[in-house]
$ cat data_13.cif   # mmCIF, C-alpha atoms and all ligand atoms
data_structure
#
loop_
_atom_site.group_PDB
_atom_site.id
_atom_site.type_symbol
_atom_site.label_atom_id
_atom_site.label_comp_id
_atom_site.auth_asym_id
_atom_site.auth_seq_id
_atom_site.Cartn_x
_atom_site.Cartn_y
_atom_site.Cartn_z
ATOM 1 C CA MET A 1 95.607 96.127 108.593
ATOM 2 C CA ALA A 2 98.969 94.785 109.671
ATOM 3 C CA ARG A 3 100.568 95.684 112.999
ATOM 4 C CA HIS A 4 101.994 99.076 112.508
ATOM 5 C CA VAL A 5 103.717 101.719 114.563
ATOM 6 C CA ALA A 6 102.859 105.389 114.105
ATOM 7 C CA GLN A 7 105.559 107.775 112.945
ATOM 8 C CA GLY A 8 105.672 109.419 116.372
ATOM 9 C CA ALA A 9 106.521 106.195 118.171
ATOM 10 C CA GLN A 10 108.756 103.164 117.835
ATOM 11 C CA ALA A 11 108.150 99.424 118.053
ATOM 12 C CA PRO A 12 108.174 97.853 121.513
ATOM 13 C CA ARG A 13 111.662 96.889 122.780
ATOM 14 C CA GLY A 14 112.931 96.657 126.303
ATOM 15 C CA ARG A 15 115.476 99.028 127.858
ATOM 16 C CA THR A 16 118.259 97.965 130.151
ATOM 17 C CA GLY A 17 117.067 97.617 133.738
ATOM 18 C CA GLU A 18 113.440 98.311 132.821
ATOM 19 C CA PRO A 19 110.629 95.891 132.092
ATOM 20 C CA ALA A 20 110.933 94.533 128.537
ATOM 21 C CA GLU A 21 107.328 95.572 127.830
ATOM 22 C CA LEU A 22 108.193 99.282 127.716
ATOM 23 C CA TRP A 23 108.585 101.060 124.408
ATOM 24 C CA PRO A 24 111.724 103.077 123.749
ATOM 25 C CA GLY A 25 111.218 106.637 124.917
ATOM 26 C CA GLN A 26 108.198 105.740 127.034
ATOM 27 C CA SER A 27 108.094 107.826 130.221
ATOM 28 C CA VAL A 28 108.972 105.784 133.286
ATOM 29 C CA ALA A 29 107.990 108.727 135.525
ATOM 30 C CA LEU A 30 104.506 108.734 133.988
ATOM 31 C CA LEU A 31 104.071 104.977 134.460
ATOM 32 C CA LYS A 32 105.112 105.365 138.099
ATOM 33 C CA ALA A 33 102.655 108.244 138.591
ATOM 34 C CA LEU A 34 99.931 106.013 137.150
ATOM 35 C CA HIS A 35 101.052 103.192 139.486
ATOM 36 C CA ILE A 36 101.585 100.938 136.497
ATOM 37 C CA LEU A 37 105.227 100.705 137.543
ATOM 38 C CA THR A 38 106.113 100.291 141.208
ATOM 39 C CA ARG A 39 108.379 102.887 142.842
ATOM 40 C CA ASP A 40 111.387 100.736 141.953
ATOM 41 C CA GLY A 41 110.293 100.566 138.324
ATOM 42 C CA GLN A 42 108.836 97.055 138.202
ATOM 43 C CA LEU A 43 105.533 95.620 136.991
ATOM 44 C CA ASN A 44 103.246 93.412 139.046
ATOM 45 C CA ALA A 45 101.023 90.820 137.364
ATOM 46 C CA ASP A 46 97.955 93.092 137.108
ATOM 47 C CA SER A 47 99.792 96.118 135.814
ATOM 48 C CA ARG A 48 101.726 93.952 133.325
ATOM 49 C CA ARG A 49 98.380 92.753 131.893
ATOM 50 C CA LYS A 50 96.982 96.286 131.742
ATOM 51 C CA LEU A 51 100.121 97.712 130.154
ATOM 52 C CA LYS A 52 100.096 94.924 127.586
ATOM 53 C CA GLN A 53 96.475 95.702 126.638
ATOM 54 C CA VAL A 54 97.147 99.428 126.415
ATOM 55 C CA LEU A 55 100.302 99.008 124.314
ATOM 56 C CA HIS A 56 98.593 96.530 121.964
ATOM 57 C CA LEU A 57 95.789 99.000 121.470
ATOM 58 C CA ALA A 58 98.313 101.807 120.963
ATOM 59 C CA GLN A 59 99.916 99.755 118.213
ATOM 60 C CA LEU A 60 96.650 98.733 116.557
ATOM 61 C CA ILE A 61 95.369 102.306 116.308
ATOM 62 C CA ALA A 62 98.678 103.724 115.088
ATOM 63 C CA PRO A 63 97.459 103.974 111.456
ATOM 64 C CA ALA A 64 94.467 106.017 112.635
ATOM 65 C CA LEU A 65 96.776 108.415 114.461
ATOM 66 C CA ASP A 66 99.120 108.618 111.465
ATOM 67 C CA TRP A 67 96.121 109.550 109.334
ATOM 68 C CA ALA A 68 94.946 112.130 111.878
ATOM 69 C CA PHE A 69 98.350 113.821 112.198
ATOM 70 C CA GLU A 70 98.778 113.877 108.413
ATOM 71 C CA THR A 71 95.359 115.259 107.537
ATOM 72 C CA ARG A 72 94.161 117.320 110.513
ATOM 73 C CA PRO A 73 95.795 120.549 111.712
ATOM 74 C CA SER A 74 95.177 119.534 115.333
ATOM 75 C CA PRO A 75 93.863 115.978 115.730
ATOM 76 C CA VAL A 76 91.563 115.060 118.581
ATOM 77 C CA LEU A 77 91.420 111.629 120.166
ATOM 78 C CA ALA A 78 88.660 110.960 122.699
ATOM 79 C CA ASP A 79 89.040 108.077 125.159
ATOM 80 C CA LEU A 80 85.666 107.195 126.654
ATOM 81 C CA GLY A 81 84.987 105.487 129.986
ATOM 82 C CA ALA A 82 88.608 106.395 130.611
ATOM 83 C CA GLY A 83 88.904 105.217 134.230
ATOM 84 C CA LYS A 84 92.429 106.067 135.387
ATOM 85 C CA SER A 85 93.194 107.104 131.816
ATOM 86 C CA TYR A 86 96.042 104.632 131.382
ATOM 87 C CA LEU A 87 95.274 104.518 127.666
ATOM 88 C CA GLY A 88 94.958 108.281 127.208
ATOM 89 C CA PHE A 89 98.178 108.968 129.116
ATOM 90 C CA VAL A 90 100.160 106.324 127.242
ATOM 91 C CA LEU A 91 98.847 107.512 123.866
ATOM 92 C CA TYR A 92 99.701 111.101 124.741
ATOM 93 C CA ASP A 93 103.193 110.075 125.881
ATOM 94 C CA LEU A 94 103.868 107.978 122.766
ATOM 95 C CA TYR A 95 102.218 109.986 120.010
ATOM 96 C CA PHE A 96 101.185 113.474 121.124
ATOM 97 C CA ALA A 97 103.852 114.734 123.561
ATOM 98 C CA LYS A 98 106.591 115.111 120.956
ATOM 99 C CA ARG A 99 104.337 117.004 118.568
ATOM 100 C CA GLU A 100 103.108 120.535 118.927
ATOM 101 C CA CYS A 101 99.482 119.896 118.127
ATOM 102 C CA GLY A 102 96.751 117.425 118.936
ATOM 103 C CA THR A 103 94.583 116.844 121.988
ATOM 104 C CA VAL A 104 93.585 113.813 124.016
ATOM 105 C CA VAL A 105 90.195 114.155 125.708
ATOM 106 C CA ALA A 106 89.323 111.628 128.405
ATOM 107 C CA VAL A 107 85.668 111.230 129.368
ATOM 108 C CA GLU A 108 84.954 109.573 132.697
ATOM 109 C CA ALA A 109 81.886 109.657 134.960
ATOM 110 C CA ARG A 110 83.775 109.380 138.257
ATOM 111 C CA HIS A 111 84.858 112.626 139.899
ATOM 112 C CA ASP A 112 87.750 111.147 141.920
ATOM 113 C CA LEU A 113 89.343 109.558 138.848
ATOM 114 C CA THR A 114 88.972 112.716 136.766
ATOM 115 C CA GLU A 115 90.586 114.831 139.493
ATOM 116 C CA THR A 116 93.518 112.435 139.940
ATOM 117 C CA CYS A 117 94.097 112.370 136.189
ATOM 118 C CA ARG A 118 94.063 116.185 135.999
ATOM 119 C CA ARG A 119 96.751 116.297 138.666
ATOM 120 C CA ILE A 120 98.934 113.686 136.947
ATOM 121 C CA ALA A 121 98.586 115.473 133.605
ATOM 122 C CA ALA A 122 99.595 118.807 135.182
ATOM 123 C CA GLU A 123 102.588 117.208 136.918
ATOM 124 C CA SER A 124 103.628 115.529 133.660
ATOM 125 C CA GLY A 125 103.339 118.726 131.626
ATOM 126 C CA PHE A 126 100.719 117.095 129.375
ATOM 127 C CA ASP A 127 98.975 120.371 128.633
ATOM 128 C CA ARG A 128 97.004 119.102 125.636
ATOM 129 C CA MET A 129 95.136 116.482 127.676
ATOM 130 C CA ARG A 130 91.631 117.349 128.852
ATOM 131 C CA PHE A 131 89.497 115.489 131.352
ATOM 132 C CA VAL A 132 85.739 115.693 131.095
ATOM 133 C CA GLU A 133 83.744 114.472 134.072
ATOM 134 C CA SER A 134 80.572 113.241 132.420
ATOM 135 C CA ALA A 135 78.536 110.310 131.247
ATOM 136 C CA ILE A 136 79.632 109.478 127.702
ATOM 137 C CA ALA A 137 76.045 110.013 126.566
ATOM 138 C CA ASP A 138 76.172 113.653 127.702
ATOM 139 C CA ALA A 139 79.692 114.519 126.591
ATOM 140 C CA ASN A 140 80.297 116.933 123.737
ATOM 141 C CA VAL A 141 83.654 117.956 122.344
ATOM 142 C CA GLU A 142 83.455 121.142 120.359
ATOM 143 C CA GLY A 143 84.974 120.959 116.892
ATOM 144 C CA GLY A 144 84.548 117.183 116.531
ATOM 145 C CA VAL A 145 86.745 114.178 117.216
ATOM 146 C CA ASP A 146 88.935 112.218 114.801
ATOM 147 C CA VAL A 147 89.615 109.024 116.733
ATOM 148 C CA VAL A 148 87.471 107.474 119.463
ATOM 149 C CA THR A 149 88.705 104.771 121.819
ATOM 150 C CA ALA A 150 86.778 102.903 124.512
ATOM 151 C CA LEU A 151 88.688 100.221 126.363
ATOM 152 C CA HIS A 152 86.468 98.048 128.565
ATOM 153 C CA ALA A 153 83.717 100.666 128.863
ATOM 154 C CA CYS A 154 81.163 98.821 130.990
ATOM 155 C CA ASP A 155 78.065 97.216 129.450
ATOM 156 C CA THR A 156 76.061 99.813 127.491
ATOM 157 C CA ALA A 157 78.795 102.470 127.886
ATOM 158 C CA THR A 158 80.320 100.943 124.732
ATOM 159 C CA ASP A 159 77.053 101.749 122.916
ATOM 160 C CA GLU A 160 77.219 105.282 124.299
ATOM 161 C CA ALA A 161 80.740 105.420 122.858
ATOM 162 C CA ILE A 162 79.422 104.380 119.423
ATOM 163 C CA LEU A 163 76.787 107.131 119.515
ATOM 164 C CA PHE A 164 79.395 109.646 120.735
ATOM 165 C CA ALA A 165 81.589 108.732 117.753
ATOM 166 C CA LEU A 166 78.684 109.231 115.329
ATOM 167 C CA ARG A 167 77.748 112.548 116.976
ATOM 168 C CA HIS A 168 81.311 113.769 116.583
ATOM 169 C CA ASP A 169 81.755 112.360 113.082
ATOM 170 C CA ALA A 170 84.820 110.336 114.091
ATOM 171 C CA LYS A 171 86.833 108.826 111.268
ATOM 172 C CA PHE A 172 88.129 105.942 113.407
ATOM 173 C CA ILE A 173 86.578 104.042 116.324
ATOM 174 C CA ALA A 174 88.443 101.485 118.420
ATOM 175 C CA LEU A 175 86.362 99.500 120.903
ATOM 176 C CA VAL A 176 87.240 96.718 123.294
ATOM 177 C CA PRO A 177 83.866 95.977 124.920
ATOM 178 C CA CYS A 178 83.568 94.979 128.551
ATOM 179 C CA CYS A 179 81.048 92.771 130.347
ATOM 180 C CA GLN A 180 77.748 92.700 128.488
ATOM 181 C CA ALA A 181 74.599 92.254 130.542
ATOM 182 C CA GLU A 182 71.827 93.971 128.601
ATOM 183 C CA LEU A 183 70.948 91.369 125.962
ATOM 184 C CA ALA A 184 71.596 88.424 128.286
ATOM 185 C CA ALA A 185 68.873 89.768 130.592
ATOM 186 C CA THR A 186 66.416 90.132 127.700
ATOM 187 C CA LEU A 187 67.211 86.704 126.261
ATOM 188 C CA GLU A 188 66.311 85.044 129.555
ATOM 189 C CA GLY A 189 62.606 85.430 128.925
ATOM 190 C CA MET A 190 62.616 84.576 125.204
ATOM 191 C CA ALA A 191 60.716 81.532 123.941
ATOM 192 C CA GLY A 192 61.131 79.551 120.693
ATOM 193 C CA PRO A 193 63.592 76.909 119.459
ATOM 194 C CA LEU A 194 66.573 79.286 119.443
ATOM 195 C CA ARG A 195 66.354 79.608 123.232
ATOM 196 C CA GLN A 196 68.450 76.417 123.464
ATOM 197 C CA LEU A 197 71.375 78.617 122.440
ATOM 198 C CA TRP A 198 71.153 80.548 125.700
ATOM 199 C CA ARG A 199 69.484 78.090 128.069
ATOM 200 C CA HIS A 200 72.084 78.217 130.842
ATOM 201 C CA PRO A 201 73.234 81.460 132.514
ATOM 202 C CA ILE A 202 76.817 81.164 131.282
ATOM 203 C CA GLN A 203 75.548 80.550 127.729
ATOM 204 C CA ARG A 204 73.205 83.539 128.024
ATOM 205 C CA ARG A 205 76.078 85.728 129.106
ATOM 206 C CA GLU A 206 78.368 84.503 126.303
ATOM 207 C CA PHE A 207 75.694 84.468 123.615
ATOM 208 C CA GLY A 208 74.338 87.854 124.728
ATOM 209 C CA ALA A 209 77.830 89.350 124.487
ATOM 210 C CA GLN A 210 78.450 87.724 121.083
ATOM 211 C CA LEU A 211 75.141 88.966 119.665
ATOM 212 C CA THR A 212 75.712 92.452 121.107
ATOM 213 C CA ASN A 213 79.118 92.771 119.482
ATOM 214 C CA VAL A 214 77.880 91.405 116.149
ATOM 215 C CA LEU A 215 75.085 93.987 116.203
ATOM 216 C CA ARG A 216 77.539 96.743 117.149
ATOM 217 C CA GLY A 217 79.675 95.890 114.144
ATOM 218 C CA LEU A 218 76.678 95.860 111.797
ATOM 219 C CA PHE A 219 75.387 99.124 113.270
ATOM 220 C CA LEU A 220 78.720 100.782 112.532
ATOM 221 C CA GLU A 221 78.736 99.335 109.005
ATOM 222 C CA ALA A 222 75.216 100.678 108.500
ATOM 223 C CA HIS A 223 76.640 104.108 109.337
ATOM 224 C CA GLY A 224 79.270 103.813 106.658
ATOM 225 C CA TYR A 225 82.206 102.344 108.572
ATOM 226 C CA LYS A 226 84.441 99.493 107.449
ATOM 227 C CA VAL A 227 84.669 97.188 110.448
ATOM 228 C CA ARG A 228 87.343 94.692 111.470
ATOM 229 C CA VAL A 229 86.957 92.457 114.496
ATOM 230 C CA THR A 230 90.048 90.755 115.892
ATOM 231 C CA GLU A 231 91.498 89.958 119.296
ATOM 232 C CA LEU A 232 93.337 92.561 121.320
ATOM 233 C CA THR A 233 95.820 90.374 123.183
ATOM 234 C CA GLY A 234 95.999 86.700 124.072
ATOM 235 C CA LEU A 235 93.166 85.465 126.287
ATOM 236 C CA GLU A 236 95.706 85.024 129.099
ATOM 237 C CA HIS A 237 95.807 88.830 129.388
ATOM 238 C CA SER A 238 92.075 89.494 129.471
ATOM 239 C CA LEU A 239 88.830 87.655 128.826
ATOM 240 C CA LYS A 240 87.426 90.913 127.465
ATOM 241 C CA ASN A 241 89.499 90.670 124.379
ATOM 242 C CA GLU A 242 87.416 91.498 121.302
ATOM 243 C CA PHE A 243 88.809 94.440 119.359
ATOM 244 C CA ILE A 244 86.349 96.239 117.067
ATOM 245 C CA PHE A 245 88.050 98.710 114.748
ATOM 246 C CA ALA A 246 85.949 100.883 112.463
ATOM 247 C CA GLU A 247 86.981 103.349 109.777
ATOM 248 C CA ARG A 248 84.440 105.553 108.095
ATOM 249 C CA HIS A 249 84.505 105.404 104.308
ATOM 250 C CA GLN A 250 80.957 106.348 103.319
ATOM 251 C CA ARG A 251 77.931 108.010 104.887
ATOM 252 C CA ALA A 252 75.659 104.950 105.037
ATOM 253 C CA ASN A 253 75.379 101.318 104.002
ATOM 254 C CA PRO A 254 71.772 100.158 103.428
ATOM 255 C CA VAL A 255 72.806 96.497 103.007
ATOM 256 C CA ALA A 256 74.380 96.424 106.471
ATOM 257 C CA ARG A 257 71.333 98.216 107.872
ATOM 258 C CA ALA A 258 69.080 95.501 106.408
ATOM 259 C CA GLU A 259 71.315 92.785 107.901
ATOM 260 C CA TYR A 260 71.128 94.510 111.283
ATOM 261 C CA LEU A 261 67.328 94.599 111.128
ATOM 262 C CA ARG A 262 67.144 90.968 109.958
ATOM 263 C CA LEU A 263 69.216 89.791 112.908
ATOM 264 C CA VAL A 264 67.193 91.855 115.368
ATOM 265 C CA GLU A 265 63.985 90.389 113.954
ATOM 266 C CA GLN A 266 65.332 86.852 114.121
ATOM 267 C CA PHE A 267 66.453 87.050 117.761
ATOM 268 C CA GLY A 268 63.898 89.593 118.957
ATOM 269 C CA VAL A 269 66.507 91.641 120.874
ATOM 270 C CA ALA A 270 68.754 94.621 120.181
ATOM 271 C CA PRO A 271 70.945 96.966 122.223
ATOM 272 C CA GLY A 272 68.505 99.630 123.428
ATOM 273 C CA LEU A 273 70.755 102.518 122.385
ATOM 274 C CA LEU A 274 71.539 101.318 118.868
ATOM 275 C CA LYS A 275 68.388 102.262 117.009
ATOM 276 C CA PRO A 276 68.840 102.131 113.251
ATOM 277 C CA VAL A 277 67.873 105.358 111.473
HETATM 278 C C1 LIG B 1 86.286 98.904 133.477
HETATM 279 S S1 LIG B 1 86.725 100.577 133.625
HETATM 280 C C2 LIG B 1 87.852 100.757 132.286
HETATM 281 C C3 LIG B 1 88.696 101.977 132.428
HETATM 282 C C4 LIG B 1 89.743 102.188 131.360
HETATM 283 N N1 LIG B 1 89.169 102.437 130.070
HETATM 284 C C5 LIG B 1 90.712 101.047 131.325
HETATM 285 O O1 LIG B 1 90.618 100.204 130.434
HETATM 286 O O2 LIG B 1 91.556 100.967 132.224
HETATM 287 C C6 LIG B 1 85.273 101.423 133.012
HETATM 288 C C7 LIG B 1 85.240 102.899 133.369
HETATM 289 O O3 LIG B 1 84.177 103.498 132.655
HETATM 290 C C8 LIG B 1 83.492 104.386 133.501
HETATM 291 N N2 LIG B 1 82.110 104.445 132.979
HETATM 292 C C9 LIG B 1 81.199 103.447 132.960
HETATM 293 N N3 LIG B 1 80.073 103.840 132.344
HETATM 294 C C10 LIG B 1 80.286 105.122 131.964
HETATM 295 C C11 LIG B 1 79.505 106.075 131.264
HETATM 296 N N4 LIG B 1 78.292 105.750 130.833
HETATM 297 N N5 LIG B 1 80.022 107.293 131.036
HETATM 298 C C12 LIG B 1 81.276 107.613 131.472
HETATM 299 N N6 LIG B 1 82.070 106.742 132.137
HETATM 300 C C13 LIG B 1 81.585 105.511 132.378
HETATM 301 C C14 LIG B 1 83.598 103.783 134.875
HETATM 302 O O4 LIG B 1 83.441 104.767 135.890
HETATM 303 C C15 LIG B 1 84.986 103.190 134.840
HETATM 304 O O5 LIG B 1 85.951 104.092 135.300
#

$ encode --input "data_13.cif" --output "structure tokens"
Amino acid sequence: MARHVAQGAQAPRGRTGEPAELWPGQSVALLKALHILTRDGQLNADSRRKLKQVLHLAQLIAPALDWAFETRPSPVLADLGAGKSYLGFVLYDLYFAKRECGTVVAVEARHDLTETCRRIAAESGFDRMRFVESAIADANVEGGVDVVTALHACDTATDEAILFALRHDAKFIALVPCCQAELAATLEGMAGPLRQLWRHPIQRREFGAQLTNVLRGLFLEAHGYKVRVTELTGLEHSLKNEFIFAERHQRANPVARAEYLRLVEQFGVAPGLLKPV
């Protein structure tokens, strides 16, 4: 899928006196409330990186939002492990605010972050944003969800996001996984010739993350999704840069399921939450 901008938004271009990263029409007041922009409207190095990631993701999922607004009477996007909800707020501002339907639901385990986000949403008049204080594993959105996003959801929270998407029959899933510790820890004790691949801690961490994401992709394919894996932004913006984009096109794919099982058998490890049915 080529870079694409949803009908509700426009391509990134700077505005006079404002950082060039901003999209036309993007709310400066919102970005200040989120502390992405300083009080005098500037970006520091950290917020520039975060804004870049969020806007790249906003652009990459635009076709999913176009589809949702064209085919659903009131589309629902769920952002999981939302943190300060930068992504949810920016998506609402760019795609939802100017329409009269559609909801953004942010799921976050931390009470303080959820409360702050509720306040910012109320002050911004974003009345179709909802904030659910919950573990992703326990969250349920009545009526289903069309698009799921999870940007840097820690470790196995990305797997919880995958199961949430399946539970809610999401058509599109956009994941940018975070640090990945689970498989690295299991690999440490594994014997056999393949162990040379993860002999040193840094190799275990990298290989564990690589294997986890490969298995995540296959798991989604086994559940009938078409999966594309690309990079989100340049590595200079974040080391956690793998973008997994899945679109459901059938109910199941037995070939992908068999590949998943073959890989799990070969390496002897699998993400604990991703049990093939
Ligand atoms: C690294 S931050 C990323 C936040 C945000 N998505 C972003 O990119 O700015 C991960 C967030 O996920 C939340 N989190 C981690 N595990 C979670 C879980 N299982 N359920 C809900 N939230 C979780 C953390 O509290 C934290 O706010």

$ axis_aligned_box --input "data_13.cif" --around "ligand LIG 1 (chain B)" --padding-each-side "5 Å" --output "lines of an AutoDock Vina configuration file"
center_x = 84.9
center_y = 103.3
center_z = 133.0
size_x = 23.3
size_y = 18.7
size_z = 15.8

$ closest_atom_pairs --input "data_13.cif" --of "chain A" --to "ligand LIG 1 (chain B)" --cutoff "8 Å" --atoms "all atoms listed in the file" --output "JSON lines"
{"residue": "A:Lys50", "atom": "CA", "partner": "B:LIG1", "partner_atom": "O2", "distance": 7.2}
{"residue": "A:Val54", "atom": "CA", "partner": "B:LIG1", "partner_atom": "O1", "distance": 7.7}
{"residue": "A:Asp79", "atom": "CA", "partner": "B:LIG1", "partner_atom": "N1", "distance": 7.5}
{"residue": "A:Leu80", "atom": "CA", "partner": "B:LIG1", "partner_atom": "C12", "distance": 6.5}
{"residue": "A:Gly81", "atom": "CA", "partner": "B:LIG1", "partner_atom": "O3", "distance": 3.4}
{"residue": "A:Ala82", "atom": "CA", "partner": "B:LIG1", "partner_atom": "N1", "distance": 4.0}
{"residue": "A:Gly83", "atom": "CA", "partner": "B:LIG1", "partner_atom": "O5", "distance": 3.3}
{"residue": "A:Lys84", "atom": "CA", "partner": "B:LIG1", "partner_atom": "O2", "distance": 6.1}
{"residue": "A:Ser85", "atom": "CA", "partner": "B:LIG1", "partner_atom": "C4", "distance": 6.0}
{"residue": "A:Tyr86", "atom": "CA", "partner": "B:LIG1", "partner_atom": "O2", "distance": 5.9}
{"residue": "A:Leu87", "atom": "CA", "partner": "B:LIG1", "partner_atom": "C5", "distance": 6.8}
{"residue": "A:Val107", "atom": "CA", "partner": "B:LIG1", "partner_atom": "C12", "distance": 6.1}
{"residue": "A:Glu108", "atom": "CA", "partner": "B:LIG1", "partner_atom": "N6", "distance": 4.1}
{"residue": "A:Ala109", "atom": "CA", "partner": "B:LIG1", "partner_atom": "N6", "distance": 4.1}
{"residue": "A:Arg110", "atom": "CA", "partner": "B:LIG1", "partner_atom": "O4", "distance": 5.2}
{"residue": "A:Leu113", "atom": "CA", "partner": "B:LIG1", "partner_atom": "O5", "distance": 7.3}
{"residue": "A:Glu133", "atom": "CA", "partner": "B:LIG1", "partner_atom": "C12", "distance": 7.7}
{"residue": "A:Ser134", "atom": "CA", "partner": "B:LIG1", "partner_atom": "C12", "distance": 5.8}
{"residue": "A:Ala135", "atom": "CA", "partner": "B:LIG1", "partner_atom": "N5", "distance": 3.4}
{"residue": "A:Ile136", "atom": "CA", "partner": "B:LIG1", "partner_atom": "N5", "distance": 4.0}
{"residue": "A:Ala137", "atom": "CA", "partner": "B:LIG1", "partner_atom": "N4", "distance": 6.4}
{"residue": "A:Ala150", "atom": "CA", "partner": "B:LIG1", "partner_atom": "N1", "distance": 6.1}
{"residue": "A:Leu151", "atom": "CA", "partner": "B:LIG1", "partner_atom": "N1", "distance": 4.3}
{"residue": "A:His152", "atom": "CA", "partner": "B:LIG1", "partner_atom": "C2", "distance": 4.8}
{"residue": "A:Ala153", "atom": "CA", "partner": "B:LIG1", "partner_atom": "C6", "distance": 4.5}
{"residue": "A:Cys154", "atom": "CA", "partner": "B:LIG1", "partner_atom": "C9", "distance": 5.0}
{"residue": "A:Asp155", "atom": "CA", "partner": "B:LIG1", "partner_atom": "N3", "distance": 7.5}
{"residue": "A:Thr156", "atom": "CA", "partner": "B:LIG1", "partner_atom": "N4", "distance": 7.2}
{"residue": "A:Ala157", "atom": "CA", "partner": "B:LIG1", "partner_atom": "N4", "distance": 4.4}
{"residue": "A:Glu160", "atom": "CA", "partner": "B:LIG1", "partner_atom": "N4", "distance": 6.6}
{"residue": "A:Cys178", "atom": "CA", "partner": "B:LIG1", "partner_atom": "C1", "distance": 6.9}

$ write_last_selection --input "data_13.cif" --atoms "C-alpha atoms" --output "short mmCIF file (atom, residue, chain, number, x, y, z; two decimals), in the frame of the given file"
data_model
loop_
_atom_site.label_atom_id
_atom_site.label_comp_id
_atom_site.auth_asym_id
_atom_site.auth_seq_id
_atom_site.Cartn_x
_atom_site.Cartn_y
_atom_site.Cartn_z
CA LYS A 50 96.98 96.29 131.74
CA VAL A 54 97.15 99.43 126.42
CA ASP A 79 89.04 108.08 125.16
CA LEU A 80 85.67 107.20 126.65
CA GLY A 81 84.99 105.49 129.99
CA ALA A 82 88.61 106.40 130.61
CA GLY A 83 88.90 105.22 134.23
CA LYS A 84 92.43 106.07 135.39
CA SER A 85 93.19 107.10 131.82
CA TYR A 86 96.04 104.63 131.38
CA LEU A 87 95.27 104.52 127.67
CA VAL A 107 85.67 111.23 129.37
CA GLU A 108 84.95 109.57 132.70
CA ALA A 109 81.89 109.66 134.96
CA ARG A 110 83.78 109.38 138.26
CA LEU A 113 89.34 109.56 138.85
CA GLU A 133 83.74 114.47 134.07
CA SER A 134 80.57 113.24 132.42
CA ALA A 135 78.54 110.31 131.25
CA ILE A 136 79.63 109.48 127.70
CA ALA A 137 76.04 110.01 126.57
CA ALA A 150 86.78 102.90 124.51
CA LEU A 151 88.69 100.22 126.36
CA HIS A 152 86.47 98.05 128.56
CA ALA A 153 83.72 100.67 128.86
CA CYS A 154 81.16 98.82 130.99
CA ASP A 155 78.06 97.22 129.45
CA THR A 156 76.06 99.81 127.49
CA ALA A 157 78.80 102.47 127.89
CA GLU A 160 77.22 105.28 124.30
CA CYS A 178 83.57 94.98 128.55
#

$ closest_residue --input "data_13.cif" --among "A:Gln266, A:Ala258, A:His35, A:Gly41" --to "Arg195 of chain A" --atoms "all atoms listed in the file"
A:Gln266

$ closest_residue --input "data_13.cif" --among "A:Glu265, A:Leu273, A:Leu57, A:Ser74" --to "Arg99 of chain A" --atoms "all atoms listed in the file"
A:Ser74

$ residues_near_point --input "data_13.cif" --point "(86.1, 103.6, 120.7)" --cutoff "7 Å" --atoms "all atoms listed in the file" --output "list in words"
Asp79, Leu80, Val148, Thr149, Ala150, Ala161, Ile162, Ile173, Ala174 and Leu175 of chain A

$ atom_distance --input "data_13.cif" --atom1 "atom CA of Leu261 of chain A" --atom2 "atom CA of Pro276 of chain A"
8.0 Å

$ resolve_selection --input "data_13.cif" --expression "the PyMOL selection byres (((chain A and resi 181) around 10) and not hetatm)" --output "ChimeraX atom specification"
/A:154-156,178-180,182-186,204-206,208-209,212

$ closest_residue --input "data_13.cif" --among "A:Pro193, A:Glu142, A:Phe172, A:Asp127" --to "Val104 of chain A" --atoms "all atoms listed in the file"
A:Asp127

$ closest_residue --input "data_13.cif" --among "A:Ala165, A:Asp146, A:Ile36, A:His56" --to "Thr71 of chain A" --atoms "only C-alpha atoms"
A:Asp146

$ resolve_selection --input "data_13.cif" --expression "the PyMOL selection byres (((chain A and resi 25-33) around 9) and not hetatm)" --output "VMD selection string"
chain A and resid 9 to 10 18 22 to 24 34 to 41 86 89 to 90 93 to 94 120 to 121 124
